[in-house]
file query05.txt (compact mmCIF, C-alpha atoms)
# COMPACT_ATOMS: atom_id res chain seq x y z
CA MET C 1 -68.67 56.89 132.14
CA ARG C 2 -69.41 56.64 128.47
CA ASN C 3 -66.43 58.89 127.69
CA ASN C 4 -64.14 56.58 129.70
CA SER C 5 -65.34 53.52 127.78
CA LEU C 6 -64.84 55.27 124.46
CA THR C 7 -61.35 56.29 125.50
CA ILE C 8 -60.48 52.71 126.46
CA VAL C 9 -61.72 51.41 123.13
CA ILE C 10 -59.69 54.01 121.24
CA VAL C 11 -56.58 53.17 123.25
CA LEU C 12 -57.03 49.46 122.59
CA LEU C 13 -57.43 50.11 118.88
CA VAL C 14 -54.29 52.24 118.84
CA VAL C 15 -52.37 49.57 120.75
CA ALA C 16 -53.61 46.89 118.31
CA VAL C 17 -52.62 48.93 115.28
CA VAL C 18 -49.22 49.79 116.73
CA GLY C 19 -48.72 46.16 117.78
CA SER C 20 -49.50 44.91 114.31
CA GLN C 21 -46.97 47.35 112.97
CA CYS C 22 -44.31 46.29 115.45
CA PHE C 23 -44.28 42.53 114.80
CA PHE C 24 -44.04 40.45 111.62
CA THR C 25 -43.75 36.75 110.86
CA VAL C 26 -41.42 35.11 108.34
CA HIS C 27 -42.66 31.80 106.92
CA GLN C 28 -40.31 28.80 106.89
CA THR C 29 -40.04 28.96 103.09
CA GLN C 30 -39.04 32.63 103.17
CA THR C 31 -36.44 35.13 104.25
CA ALA C 32 -37.10 38.84 104.81
CA LEU C 33 -35.50 42.26 104.80
CA VAL C 34 -36.62 45.28 106.80
CA LEU C 35 -36.68 48.55 104.88
CA GLN C 36 -36.31 51.77 106.79
CA LEU C 37 -37.50 54.75 104.79
CA GLY C 38 -36.96 52.66 101.63
CA GLU C 39 -33.41 51.56 102.46
CA PRO C 40 -32.75 47.92 103.48
CA LEU C 41 -31.13 47.19 106.82
CA ASP C 42 -28.10 44.91 106.85
CA ARG C 43 -29.82 42.06 108.69
CA VAL C 44 -31.53 39.17 106.88
CA TYR C 45 -34.45 37.79 108.88
CA GLU C 46 -34.90 34.03 109.03
CA PRO C 47 -38.23 32.22 109.65
CA GLY C 48 -39.90 33.19 112.94
CA LEU C 49 -41.49 36.15 114.76
CA HIS C 50 -39.57 39.44 114.61
CA PHE C 51 -39.87 43.07 115.76
CA LYS C 52 -39.64 46.22 113.70
CA MET C 53 -40.27 49.87 114.26
CA PRO C 54 -43.82 50.85 113.30
CA PHE C 55 -44.65 53.17 110.44
CA ILE C 56 -41.05 53.96 109.45
CA GLN C 57 -40.06 50.37 108.67
CA ASN C 58 -41.68 47.83 106.37
CA VAL C 59 -40.87 44.24 105.40
CA VAL C 60 -39.97 42.66 102.03
CA TYR C 61 -40.21 38.87 101.74
CA PHE C 62 -38.19 36.55 99.47
CA ASP C 63 -38.77 32.91 98.57
CA SER C 64 -35.88 30.80 99.89
CA ARG C 65 -36.82 27.68 97.90
CA VAL C 66 -35.38 26.53 94.58
CA LEU C 67 -37.14 28.40 91.78
CA ASP C 68 -37.74 27.31 88.20
CA TYR C 69 -37.57 29.60 85.22
CA GLU C 70 -38.50 28.62 81.67
CA ALA C 71 -36.90 30.85 79.06
CA ARG C 72 -38.55 31.72 75.79
CA SER C 73 -37.31 29.88 72.70
CA ARG C 74 -34.51 31.55 70.77
CA GLU C 75 -32.32 30.73 67.80
CA ALA C 76 -28.61 29.97 67.89
CA PHE C 77 -26.06 28.88 65.29
CA THR C 78 -23.68 25.95 65.54
CA VAL C 79 -20.09 25.95 64.33
CA ASP C 80 -21.22 24.25 61.08
CA LYS C 81 -23.62 27.17 60.42
CA LYS C 82 -26.78 25.24 61.30
CA ALA C 83 -29.58 27.25 62.95
CA ILE C 84 -31.37 25.62 65.89
CA VAL C 85 -34.11 26.82 68.24
CA LEU C 86 -33.20 26.35 71.91
CA ASP C 87 -35.94 25.77 74.47
CA ASN C 88 -34.27 25.82 77.89
CA TYR C 89 -35.01 26.27 81.58
CA ALA C 90 -33.01 27.09 84.72
CA ARG C 91 -33.25 26.20 88.42
CA TRP C 92 -31.99 28.87 90.79
CA LYS C 93 -32.31 30.24 94.31
CA ILE C 94 -31.71 33.45 96.23
CA ILE C 95 -28.64 32.99 98.46
CA ASN C 96 -28.12 36.64 99.49
CA PRO C 97 -31.44 38.49 99.88
CA LEU C 98 -29.74 41.79 100.69
CA GLN C 99 -27.58 41.75 97.57
CA PHE C 100 -30.55 40.47 95.56
CA TYR C 101 -32.73 43.37 96.66
CA ARG C 102 -30.04 45.94 95.96
CA THR C 103 -29.39 44.64 92.43
CA MET C 104 -32.59 42.95 91.26
CA ARG C 105 -35.35 44.13 93.55
CA THR C 106 -37.90 41.54 92.38
CA ILE C 107 -38.05 37.97 91.09
CA PRO C 108 -39.36 39.06 87.63
CA GLY C 109 -36.36 41.37 87.35
CA ALA C 110 -34.05 38.50 88.27
CA GLN C 111 -35.68 36.23 85.71
CA ALA C 112 -35.23 38.82 82.97
CA ARG C 113 -31.54 39.14 83.82
CA LEU C 114 -31.17 35.38 84.09
CA ASP C 115 -32.77 34.95 80.67
CA ASP C 116 -30.22 37.27 79.05
CA VAL C 117 -27.23 35.63 80.77
CA VAL C 118 -28.33 32.07 80.02
CA TYR C 119 -29.03 32.83 76.37
CA SER C 120 -25.70 34.59 75.85
CA GLN C 121 -23.77 31.68 77.36
CA LEU C 122 -25.78 29.08 75.47
CA ARG C 123 -25.30 30.90 72.20
CA ALA C 124 -21.55 31.18 72.77
CA LEU C 125 -21.09 27.51 73.67
CA VAL C 126 -23.45 26.14 71.03
CA GLY C 127 -21.48 28.13 68.46
CA ALA C 128 -18.39 26.08 69.34
CA TYR C 129 -19.94 22.69 68.47
CA THR C 130 -21.59 21.05 65.49
CA LEU C 131 -25.32 20.35 65.36
CA THR C 132 -24.76 16.62 65.98
CA GLU C 133 -22.60 17.34 69.03
CA VAL C 134 -25.15 19.78 70.47
CA VAL C 135 -28.08 17.36 70.26
CA SER C 136 -26.21 14.18 71.22
CA SER C 137 -22.59 13.59 72.21
CA HIS C 138 -21.64 16.92 73.89
CA ARG C 139 -25.02 17.97 75.24
CA ALA C 140 -24.30 17.10 78.90
CA ALA C 141 -20.90 18.81 78.82
CA ILE C 142 -22.42 21.96 77.30
CA MET C 143 -25.12 22.09 79.98
CA LYS C 144 -22.59 21.66 82.78
CA GLU C 145 -20.35 24.40 81.43
CA VAL C 146 -23.28 26.76 80.89
CA THR C 147 -24.49 26.15 84.45
CA ASN C 148 -21.07 26.93 85.93
CA LYS C 149 -20.60 30.12 83.91
CA VAL C 150 -24.12 31.43 84.51
CA SER C 151 -23.89 30.72 88.24
CA ALA C 152 -20.58 32.61 88.44
CA LEU C 153 -22.05 35.60 86.61
CA MET C 154 -25.24 35.67 88.70
CA HIS C 155 -23.44 35.26 92.03
CA SER C 156 -22.84 39.00 92.28
CA TYR C 157 -26.62 39.47 92.17
CA GLY C 158 -27.16 37.25 95.22
CA VAL C 159 -28.36 34.35 93.06
CA GLU C 160 -27.04 30.81 92.71
CA VAL C 161 -27.89 28.92 89.51
CA LEU C 162 -28.18 25.22 90.27
CA ASP C 163 -28.92 23.82 86.82
CA VAL C 164 -29.46 24.93 83.23
CA ARG C 165 -31.01 22.45 80.82
CA ILE C 166 -32.06 22.40 77.18
CA LYS C 167 -35.53 20.87 77.14
CA ARG C 168 -35.77 20.64 73.38
CA THR C 169 -33.81 21.60 70.30
CA ASP C 170 -35.84 22.34 67.18
CA LEU C 171 -34.98 23.54 63.74
CA PRO C 172 -36.39 26.72 62.21
CA PRO C 173 -39.36 26.03 59.89
CA GLU C 174 -37.41 26.67 56.69
CA ASN C 175 -34.62 24.32 57.83
CA GLN C 176 -37.16 21.69 58.85
CA ARG C 177 -38.66 21.65 55.37
CA ALA C 178 -35.24 21.30 53.73
CA ILE C 179 -34.13 18.56 56.12
CA PHE C 180 -37.42 16.72 55.81
CA GLY C 181 -37.06 16.88 52.03
CA ARG C 182 -33.57 15.39 52.21
CA MET C 183 -34.77 12.75 54.66
CA ARG C 184 -37.66 11.84 52.35
CA ALA C 185 -35.33 11.58 49.33
CA GLU C 186 -32.92 9.42 51.31
CA ARG C 187 -35.72 7.14 52.52
CA GLU C 188 -37.06 6.82 48.98
CA ARG C 189 -33.58 5.95 47.72
CA GLN C 190 -33.21 3.31 50.43
CA ALA C 191 -36.70 1.97 49.67
CA LYS C 192 -35.82 1.61 45.96
CA GLN C 193 -32.56 -0.10 46.87
CA TYR C 194 -34.29 -2.51 49.24
CA ARG C 195 -37.03 -3.17 46.67
CA SER C 196 -34.44 -3.89 43.97
CA GLU C 197 -32.49 -6.18 46.28
CA GLY C 198 -35.74 -7.92 47.24
CA GLU C 199 -36.73 -8.45 43.62
CA GLU C 200 -33.26 -9.80 42.83
CA GLU C 201 -33.41 -12.19 45.78
CA SER C 202 -36.97 -13.18 44.80
CA THR C 203 -35.84 -13.98 41.24
CA ARG C 204 -32.91 -16.01 42.52
CA ILE C 205 -35.10 -17.97 44.94
CA ARG C 206 -37.77 -18.55 42.28
CA SER C 207 -35.16 -19.74 39.74
CA ASP C 208 -33.61 -22.05 42.29
CA ALA C 209 -37.06 -23.42 43.19
CA ASP C 210 -37.90 -23.99 39.50
CA ARG C 211 -34.58 -25.80 38.99
CA GLN C 212 -35.16 -28.00 42.03
CA ARG C 213 -38.72 -28.69 40.82
CA ALA C 214 -37.47 -29.73 37.37
CA VAL C 215 -34.83 -31.98 38.92
CA ILE C 216 -37.36 -33.58 41.27
CA LEU C 217 -39.89 -34.14 38.47
CA ALA C 218 -37.23 -35.63 36.20
CA GLU C 219 -36.02 -37.90 38.96
CA ALA C 220 -39.60 -38.92 39.76
CA ALA C 221 -40.33 -39.63 36.07
CA ARG C 222 -37.15 -41.73 35.80
CA GLU C 223 -38.03 -43.73 38.91
CA ALA C 224 -41.62 -44.13 37.61
CA GLN C 225 -40.34 -45.49 34.29
CA ILE C 226 -38.02 -47.89 36.08
CA THR C 227 -40.82 -49.01 38.39
CA ARG C 228 -43.28 -49.35 35.50
CA GLY C 229 -40.75 -51.34 33.46
CA THR C 230 -40.01 -53.59 36.41
CA GLY C 231 -43.76 -54.10 36.94
CA ASP C 232 -44.34 -54.88 33.27
CA ALA C 233 -41.50 -57.35 33.32
CA LYS C 234 -42.87 -59.04 36.39
CA ALA C 235 -46.38 -59.10 34.87
CA ALA C 236 -45.06 -60.67 31.67
CA SER C 237 -43.17 -63.25 33.71
CA VAL C 238 -46.30 -64.07 35.71
CA TYR C 239 -48.39 -64.33 32.53
CA ALA C 240 -45.81 -66.61 30.95
CA GLN C 241 -45.64 -68.84 33.98
CA SER C 242 -49.44 -68.98 34.15
CA TYR C 243 -49.70 -69.88 30.47
CA ASN C 244 -47.18 -72.65 30.80
CA LYS C 245 -48.95 -74.13 33.81
CA ALA C 246 -52.58 -73.79 32.60
CA PRO C 247 -52.94 -72.71 28.97
CA GLN C 248 -56.72 -73.19 28.95
CA PHE C 249 -57.17 -71.10 32.11
CA TYR C 250 -54.95 -68.40 30.65
CA ALA C 251 -56.98 -68.42 27.44
CA TYR C 252 -60.18 -68.25 29.42
CA GLN C 253 -58.86 -65.31 31.47
CA ARG C 254 -57.89 -63.45 28.33
CA TRP C 255 -61.35 -64.17 26.86
CA LEU C 256 -63.03 -62.66 29.97
CA GLU C 257 -60.83 -59.57 29.72
CA ALA C 258 -61.73 -59.22 26.03
CA MET C 259 -65.42 -59.55 26.85
CA ARG C 260 -65.11 -56.97 29.66
CA LYS C 261 -63.51 -54.44 27.34
CA SER C 262 -65.86 -55.14 24.46
CA LEU C 263 -69.21 -55.36 26.23
CA LYS C 264 -69.42 -52.11 28.18
CA GLU C 265 -72.59 -50.63 29.66
CA ASN C 266 -75.39 -49.96 27.14
CA SER C 267 -73.32 -51.40 24.29
CA LYS C 268 -74.93 -53.41 21.51
CA MET C 269 -73.22 -55.98 19.25
CA VAL C 270 -74.64 -58.32 16.58
CA LEU C 271 -72.55 -61.49 16.27
CA ALA C 272 -73.03 -64.87 14.65
CA ASN C 273 -73.02 -67.95 16.75
CA GLU C 274 -69.70 -68.99 15.26
CA ALA C 275 -67.99 -65.70 16.23
CA PRO C 276 -64.69 -66.32 18.11
CA LEU C 277 -65.66 -63.75 20.66
CA LEU C 278 -68.55 -65.90 21.86
CA ASN C 279 -66.48 -69.03 22.01
CA PRO C 280 -64.18 -69.12 25.07
CA GLN C 281 -62.30 -72.09 23.53
CA HIS C 282 -60.83 -70.07 20.75

call {"tool": "encode", "arguments": {"input": "query05.txt", "output": "structure tokens"}}
result
Amino acid sequence: MRNNSLTIVIVLLVVAVVGSQCFFTVHQTQTALVLQLGEPLDRVYEPGLHFKMPFIQNVVYFDSRVLDYEARSREAFTVDKKAIVLDNYARWKIINPLQFYRTMRTIPGAQARLDDVVYSQLRALVGAYTLTEVVSSHRAAIMKEVTNKVSALMHSYGVEVLDVRIKRTDLPPENQRAIFGRMRAERERQAKQYRSEGEEESTRIRSDADRQRAVILAEAAREAQITRGTGDAKAASVYAQSYNKAPQFYAYQRWLEAMRKSLKENSKMVLANEAPLLNPQH
């Protein structure tokens, strides 16, 4: 009885092992190839549950999604002999897993090949434009042309390149120092020019303000003299009219004014009784 139970358990284990070797599942983000004795079969397996022969066949999976690859930075030269450092990336996908496996085998192998192809095309196209065109006006056109050429070259490897982009363009360190030096000299020249123009404008404005001030002061002094003269004339006329109408009152008023000017605070004077100053009738 115990031997029968052991036999059943062994059979179940064998069936489980064989069953696990007979079926495989492909995820919805993948495709798969079945290798028989190391050689791929012609069929590409889509997502789902599939059957294979146990022990003599095994499964290789491939990502069917769009993949990103960031290339290492490399130098290239423009048509005007300017060196730039290109930092680029590519978006690609596997469109023919069978051809991909036969030519590339693995994704790292595909990325290494893609890196070489992208760099060679970028270097060739960048070498046909000036530095200004590469970083500004013709950048989009260069990227589109590079994408088309790289995709055509990689198609035979079962790969479609969807987009190639330059993330950043830098200058080599020695070029950066030279360019920064020229930029600093240019900015200093512009600063001196602006400072000189500012000083010239400041002098002109200050001179104009001084001239206007002198004119205003002269005009104010002239008007003050006219007003003062008019006032003095009116005062003399009023004094004359007052004197003619009341000579004694006028004399008395002048006597009070003389006393006010002569006898200030804490002043001392010694006068005789007959002094004209003490007699308001004089």

call {"tool": "closest_residue", "arguments": {"input": "query05.txt", "among": "C:Met154, C:Val59, C:Ala235, C:Leu122", "to": "Met104 in chain C", "atoms": "only C-alpha atoms"}}
result
C:Met154

call {"tool": "closest_residue", "arguments": {"input": "query05.txt", "among": "C:Leu41, C:Val150, C:Ala83, C:Val135", "to": "Arg102 in chain C", "atoms": "only C-alpha atoms"}}
result
C:Leu41

call {"tool": "atom_distance", "arguments": {"input": "query05.txt", "atom1": "CA of Arg105 in chain C", "atom2": "CA of Asp68 in chain C"}}
result
17.8 Å

call {"tool": "axis_aligned_box", "arguments": {"input": "query05.txt", "around": "range 182-195 of chain C", "padding_each_side": "6 Å", "output": "lines of an AutoDock Vina configuration file"}}
result
center_x = -35.1
center_y = 6.1
center_z = 50.3
size_x = 17.1
size_y = 30.6
size_z = 20.7

call {"tool": "atom_distance", "arguments": {"input": "query05.txt", "atom1": "CA of Glu188 in chain C", "atom2": "CA of Ser207 in chain C"}}
result
28.2 Å

call {"tool": "residues_around", "arguments": {"input": "query05.txt", "residues": "Ile95 in chain C", "least_positions_apart": "3", "cutoff": "8 Å", "atoms": "all atoms listed in the file", "output": "PDB file with C-alpha atoms, in the frame of the given file"}}
result
ATOM      1  CA  SER C  64     -35.880  30.800  99.890  1.00  0.00           C
ATOM      2  CA  GLY C 158     -27.160  37.250  95.220  1.00  0.00           C
ATOM      3  CA  VAL C 159     -28.360  34.350  93.060  1.00  0.00           C
ATOM      4  CA  GLU C 160     -27.040  30.810  92.710  1.00  0.00           C
TER       5      GLU C 160
END

call {"tool": "closest_residue", "arguments": {"input": "query05.txt", "among": "C:Ser242, C:Thr78, C:Ser151, C:Ser237", "to": "Val126 in chain C", "atoms": "all atoms listed in the file"}}
result
C:Thr78

call {"tool": "atom_distance", "arguments": {"input": "query05.txt", "atom1": "CA of Thr29 in chain C", "atom2": "CA of Trp92 in chain C"}}
result
14.7 Å

call {"tool": "residues_around", "arguments": {"input": "query05.txt", "residues": "Tyr250 in chain C", "least_positions_apart": "5", "cutoff": "10 Å", "atoms": "all atoms listed in the file", "output": "list of chain:residue names"}}
result
C:Tyr239, C:Ala240, C:Gln241, C:Ser242, C:Tyr243, C:Asn244, C:Lys245, C:Trp255, C:Leu256

call {"tool": "closest_residue", "arguments": {"input": "query05.txt", "among": "C:Thr147, C:Ser196, C:Gln57, C:Thr130", "to": "Gly38 in chain C", "atoms": "all atoms listed in the file"}}
result
C:Gln57
